[in-house]
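*Asks:* Sharing a structure with you now.
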Amino acid sequence: MSAEPRINDRIRVPEVRLVGPSGEQVGIVPLAKALELAQEYDLDLVEVAANARPPVCKLMDYGKFKYESAMKAREARKNQAHTVIKEMKLRPKIDPHDYDTKKGHVVRFLKQGDKVKITIMFRGREQSRPELGYRLLQRLAEDVQDLGFIESNPKQDGRNMIMVLGPHKKKTEAMAEARQAQEARKADAKANPGRSQNAAETDASDEDADVETGVEAEAPAEEPAEA
């Protein structure tokens with residue numbers, strides 16, 4: 001069955017409760033009278049409550065109504081917040097520079113309102129020292145506690161140890177702030193065209209750090225061979 005309401009001559013009842021173009025209550029009138037009023041106003045007679053007795057019908061521009069409804073649904077889908085889980089992989093003996101780089105990505109993800117799955121990868125003899133991974137995860141959680149919290153405590157999963165960080169900020173809030181920041185950058189670019197190119201290059205370099213799946217991959221070439 002069609003989900004669309006019946007309109008005009010598709011309505012098959014002797015009388016209807018009529019609502020005018022501005023929402024005013026006309027009252028119960030014969031169907032023929034309702035169709036006559038629709039022609040006078042150059043509008044459609046649309047059945048809006050088929051199960052009522054008698055059915056409720058309204059005078060409206062049905063084509064315009066369908067278009068506006070479709071645009072509202074499209075805007076709602078556009079603003080819908082999707083939960084995304086990013087992933088960051090670390091080694092238990094990560095050097096300070098790499099740690100700061102990885103932490104910077106975690107900070108960025110949490111600011112965007114995304115969850116972050118932190119994976120500590122153990123290789124060779126490192127598997128006998130799980131406390132190294134645990135301490136590293138706790139350190140990272142403390143470093144970003146202003147932006148996120150431990151949603152899933154560290155746990156061993158084969159050769160890996162995993163922890164999930166959740167953002168304090170909701171995804172919808174992060175999206176709203178991102179749109180505001182984008183509008184501010186556009187305004188600044190118009191006011192200062194000489195600086196717009198550098199800002200664009202910086203944004204592009206930041207985006208290159210993300211893999212399309214939302215996973216931050218560790219470069220295998222820098223890792224020692226497994227014992």
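Labels for the structure tokens follow display order: chains A, B, ..., residues from 1 in each chain, ligands from 1.
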Report the residues of region 16-216 of chain A whose backbone DSSP state falls under alpha helix (DSSP H), written as a VMD selection string.
*Replies:* chain A and resid 31 to 41 62 to 78 96 to 111 130 to 143 171 to 191 193 to 207
*Asks:* Could you take the residues named above and write them with C-alpha atoms, as an mmCIF file, in the first residue's frame?
*Replies:*
data_model
loop_
_atom_site.group_PDB
_atom_site.id
_atom_site.type_symbol
_atom_site.label_atom_id
_atom_site.label_comp_id
_atom_site.auth_asym_id
_atom_site.auth_seq_id
_atom_site.Cartn_x
_atom_site.Cartn_y
_atom_site.Cartn_z
ATOM 1 C CA LEU A 31 -16.797 15.991 -0.057
ATOM 2 C CA ALA A 32 -18.156 17.773 -3.131
ATOM 3 C CA LYS A 33 -18.088 21.094 -1.247
ATOM 4 C CA ALA A 34 -14.515 20.480 -0.067
ATOM 5 C CA LEU A 35 -13.377 19.744 -3.624
ATOM 6 C CA GLU A 36 -15.148 22.886 -4.837
ATOM 7 C CA LEU A 37 -13.297 25.002 -2.241
ATOM 8 C CA ALA A 38 -10.001 23.405 -3.296
ATOM 9 C CA GLN A 39 -10.625 24.504 -6.885
ATOM 10 C CA GLU A 40 -11.521 28.024 -5.786
ATOM 11 C CA TYR A 41 -8.265 28.353 -3.810
ATOM 12 C CA TYR A 62 0.535 19.226 -2.113
ATOM 13 C CA GLY A 63 3.495 19.500 -4.505
ATOM 14 C CA LYS A 64 5.065 22.251 -2.379
ATOM 15 C CA PHE A 65 4.309 20.254 0.783
ATOM 16 C CA LYS A 66 6.112 17.160 -0.573
ATOM 17 C CA TYR A 67 9.128 19.224 -1.636
ATOM 18 C CA GLU A 68 9.453 20.936 1.738
ATOM 19 C CA SER A 69 9.080 17.602 3.560
ATOM 20 C CA ALA A 70 11.834 16.054 1.424
ATOM 21 C CA MET A 71 14.156 19.002 2.111
ATOM 22 C CA LYS A 72 13.559 18.740 5.877
ATOM 23 C CA ALA A 73 14.299 15.014 5.818
ATOM 24 C CA ARG A 74 17.475 15.637 3.817
ATOM 25 C CA GLU A 75 18.634 18.299 6.281
ATOM 26 C CA ALA A 76 17.917 15.975 9.207
ATOM 27 C CA ARG A 77 20.054 13.231 7.617
ATOM 28 C CA LYS A 78 22.814 15.747 6.925
ATOM 29 C CA PRO A 96 58.714 10.395 23.392
ATOM 30 C CA HIS A 97 58.448 12.082 19.976
ATOM 31 C CA ASP A 98 56.229 9.327 18.527
ATOM 32 C CA TYR A 99 54.128 9.331 21.680
ATOM 33 C CA ASP A 100 53.489 13.067 21.395
ATOM 34 C CA THR A 101 52.516 12.629 17.743
ATOM 35 C CA LYS A 102 50.104 9.796 18.522
ATOM 36 C CA LYS A 103 48.652 11.692 21.468
ATOM 37 C CA GLY A 104 48.047 14.676 19.180
ATOM 38 C CA HIS A 105 45.922 12.504 16.897
ATOM 39 C CA VAL A 106 43.955 11.147 19.873
ATOM 40 C CA VAL A 107 43.319 14.712 21.046
ATOM 41 C CA ARG A 108 42.054 15.666 17.589
ATOM 42 C CA PHE A 109 39.723 12.657 17.406
ATOM 43 C CA LEU A 110 38.246 13.351 20.842
ATOM 44 C CA LYS A 111 37.734 17.018 19.944
ATOM 45 C CA PRO A 130 51.969 -6.549 29.870
ATOM 46 C CA GLU A 131 52.417 -3.979 32.655
ATOM 47 C CA LEU A 132 54.342 -1.791 30.170
ATOM 48 C CA GLY A 133 51.275 -1.533 27.957
ATOM 49 C CA TYR A 134 48.966 -0.963 30.893
ATOM 50 C CA ARG A 135 51.064 1.922 32.224
ATOM 51 C CA LEU A 136 51.238 3.479 28.748
ATOM 52 C CA LEU A 137 47.461 3.338 28.368
ATOM 53 C CA GLN A 138 46.943 4.868 31.802
ATOM 54 C CA ARG A 139 49.408 7.634 30.972
ATOM 55 C CA LEU A 140 47.593 8.438 27.724
ATOM 56 C CA ALA A 141 44.212 8.449 29.464
ATOM 57 C CA GLU A 142 45.521 10.917 32.056
ATOM 58 C CA ASP A 143 47.053 13.155 29.369
ATOM 59 C CA LYS A 171 29.282 14.364 18.275
ATOM 60 C CA THR A 172 26.525 16.869 17.473
ATOM 61 C CA GLU A 173 28.283 19.547 19.547
ATOM 62 C CA ALA A 174 31.596 18.829 17.819
ATOM 63 C CA MET A 175 29.924 19.059 14.395
ATOM 64 C CA ALA A 176 28.343 22.405 15.297
ATOM 65 C CA GLU A 177 31.670 23.788 16.498
ATOM 66 C CA ALA A 178 33.401 22.504 13.350
ATOM 67 C CA ARG A 179 30.851 24.308 11.163
ATOM 68 C CA GLN A 180 31.365 27.519 13.128
ATOM 69 C CA ALA A 181 35.143 27.187 12.782
ATOM 70 C CA GLN A 182 34.774 26.595 9.042
ATOM 71 C CA GLU A 183 32.644 29.712 8.654
ATOM 72 C CA ALA A 184 35.217 31.677 10.658
ATOM 73 C CA ARG A 185 38.032 30.420 8.388
ATOM 74 C CA LYS A 186 36.054 31.429 5.292
ATOM 75 C CA ALA A 187 35.479 34.895 6.705
ATOM 76 C CA ASP A 188 39.155 35.194 7.598
ATOM 77 C CA ALA A 189 40.165 34.022 4.115
ATOM 78 C CA LYS A 190 38.073 36.773 2.543
ATOM 79 C CA ALA A 191 39.541 39.379 4.854
ATOM 80 C CA PRO A 193 43.510 36.345 1.137
ATOM 81 C CA GLY A 194 47.269 36.114 1.532
ATOM 82 C CA ARG A 195 46.967 33.702 4.433
ATOM 83 C CA SER A 196 44.243 31.476 3.001
ATOM 84 C CA GLN A 197 46.633 29.286 0.980
ATOM 85 C CA ASN A 198 48.768 28.446 3.993
ATOM 86 C CA ALA A 199 45.673 27.590 6.039
ATOM 87 C CA ALA A 200 44.407 25.296 3.291
ATOM 88 C CA GLU A 201 47.758 23.496 3.108
ATOM 89 C CA THR A 202 47.744 23.004 6.876
ATOM 90 C CA ASP A 203 44.228 21.543 6.812
ATOM 91 C CA ALA A 204 45.195 19.211 3.981
ATOM 92 C CA SER A 205 48.245 17.917 5.857
ATOM 93 C CA ASP A 206 46.083 17.208 8.916
ATOM 94 C CA GLU A 207 43.558 15.291 6.855
#
*Asks:* From the set A:Met163, A:Val116, A:Leu59, A:Leu18, which residue has the shortest atom-to-atom contact distance to Glu87 (chain A), counting only C-alpha atoms?
*Replies:*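 Ranked by minimum distance to Glu87 (chain A), first place goes to A:Val116.
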*Asks:* Please provide the set of residues having any atom within 7 Å of Val16 (chain A), restricted to only C-alpha atoms, with same-chain residues fewer than 6 positions apart removed, written as number ranges by chain.
*Replies:* A: 28-31, 54-57
*Asks:* For a quick check of understanding, using only C-alpha atoms, which of A:Val48, A:Val19, A:Ile162, A:Val26 has the smallest distance to Met88 (chain A)?
*Replies:* A:Ile162
*Asks:* I'd like the contact shell of region 165-169 of chain A - 6 Å cut-off, only C-alpha atoms, skipping same-chain residues fewer than 2 positions apart - returned as a PDB file with C-alpha atoms, in the first residue's frame.
*Replies:*
ATOM      1  CA  LEU A 110      38.246  13.351  20.842  1.00  0.00           C
ATOM      2  CA  GLY A 113      33.499  13.846  19.235  1.00  0.00           C
ATOM      3  CA  LYS A 115      35.654   7.443  20.224  1.00  0.00           C
ATOM      4  CA  VAL A 116      39.238   6.208  20.067  1.00  0.00           C
ATOM      5  CA  LEU A 147      38.743  15.712  26.457  1.00  0.00           C
ATOM      6  CA  GLY A 148      37.833  12.077  27.060  1.00  0.00           C
ATOM      7  CA  PHE A 149      37.308   9.298  29.558  1.00  0.00           C
ATOM      8  CA  ILE A 150      38.046   5.571  29.721  1.00  0.00           C
ATOM      9  CA  GLU A 151      34.967   3.920  28.259  1.00  0.00           C
TER      10      GLU A 151
END
*Asks:* Give the strand (DSSP E or B) residues of region 89-165 of chain A, as assigned by DSSP on the backbone, as a list in words.
*Replies:* Lys89, Leu90, Lys115, Val116, Lys117, Ile118, Thr119, Ile120, Met121, Gly148, Phe149, Ile150, Glu151, Ser152, Asn153, Pro154, Lys155, Gln156, Asp157, Asn160, Met161, Ile162, Met163, Val164 and Leu165 of chain A
*Asks:* For those residues, write N, CA and C atoms to a file as a compact mmCIF listing (two decimals), in the first residue's frame.
*Replies:*
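Okay, this is what ended up in part.txt:
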# COMPACT_ATOMS: atom_id res chain seq x y z
N LYS A 89 47.41 2.90 17.12
CA LYS A 89 48.26 1.78 17.51
C LYS A 89 49.60 2.29 18.04
N LEU A 90 50.02 1.75 19.17
CA LEU A 90 51.27 2.14 19.79
C LEU A 90 52.06 0.89 20.16
N LYS A 115 35.01 8.36 19.29
CA LYS A 115 35.65 7.44 20.22
C LYS A 115 37.01 7.02 19.65
N VAL A 116 37.91 6.62 20.52
CA VAL A 116 39.24 6.21 20.07
C VAL A 116 39.60 4.86 20.70
N LYS A 117 39.91 3.90 19.85
CA LYS A 117 40.36 2.59 20.31
C LYS A 117 41.89 2.61 20.31
N ILE A 118 42.47 2.48 21.49
CA ILE A 118 43.93 2.48 21.61
C ILE A 118 44.42 1.04 21.69
N THR A 119 45.32 0.67 20.80
CA THR A 119 45.84 -0.70 20.75
C THR A 119 47.35 -0.68 21.01
N ILE A 120 47.78 -1.39 22.05
CA ILE A 120 49.21 -1.58 22.33
C ILE A 120 49.62 -2.92 21.73
N MET A 121 50.60 -2.90 20.82
CA MET A 121 51.02 -4.11 20.13
C MET A 121 52.30 -4.66 20.78
N GLY A 148 38.47 13.39 27.13
CA GLY A 148 37.83 12.08 27.06
C GLY A 148 37.98 11.29 28.35
N PHE A 149 37.29 10.16 28.39
CA PHE A 149 37.31 9.30 29.56
C PHE A 149 37.48 7.84 29.11
N ILE A 150 37.87 6.99 30.04
CA ILE A 150 38.05 5.57 29.72
C ILE A 150 36.67 4.91 29.65
N GLU A 151 36.27 4.56 28.45
CA GLU A 151 34.97 3.92 28.26
C GLU A 151 35.09 2.41 28.43
N SER A 152 36.21 1.86 28.01
CA SER A 152 36.47 0.43 28.17
C SER A 152 37.88 0.27 28.73
N ASN A 153 37.99 -0.31 29.91
CA ASN A 153 39.28 -0.45 30.59
C ASN A 153 40.24 -1.33 29.78
N PRO A 154 41.55 -1.13 29.99
CA PRO A 154 42.54 -1.94 29.26
C PRO A 154 42.33 -3.43 29.49
N LYS A 155 42.39 -4.19 28.41
CA LYS A 155 42.26 -5.64 28.52
C LYS A 155 43.14 -6.30 27.45
N GLN A 156 43.64 -7.47 27.79
CA GLN A 156 44.53 -8.20 26.90
C GLN A 156 43.71 -8.91 25.84
N ASP A 157 44.16 -8.83 24.60
CA ASP A 157 43.50 -9.51 23.48
C ASP A 157 44.58 -10.13 22.60
N ASN A 160 47.81 -8.18 21.76
CA ASN A 160 47.51 -6.76 21.92
C ASN A 160 46.83 -6.47 23.25
N MET A 161 46.92 -5.20 23.68
CA MET A 161 46.15 -4.72 24.82
C MET A 161 45.33 -3.54 24.31
N ILE A 162 44.04 -3.55 24.63
CA ILE A 162 43.11 -2.58 24.04
C ILE A 162 42.39 -1.77 25.11
N MET A 163 42.22 -0.49 24.84
CA MET A 163 41.45 0.41 25.69
C MET A 163 40.65 1.34 24.77
N VAL A 164 39.45 1.69 25.18
CA VAL A 164 38.61 2.59 24.38
C VAL A 164 38.37 3.88 25.17
N LEU A 165 38.64 5.00 24.53
CA LEU A 165 38.39 6.32 25.12
C LEU A 165 37.13 6.92 24.49
*Asks:* Could you tell me which of A:Asp44, A:Asp61, A:Asp146, A:Glu126 comes closest to Ile7 (chain A) if we count only C-alpha atoms?
*Replies:*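 Closest to Ile7 (chain A), using only C-alpha atoms: A:Asp44.
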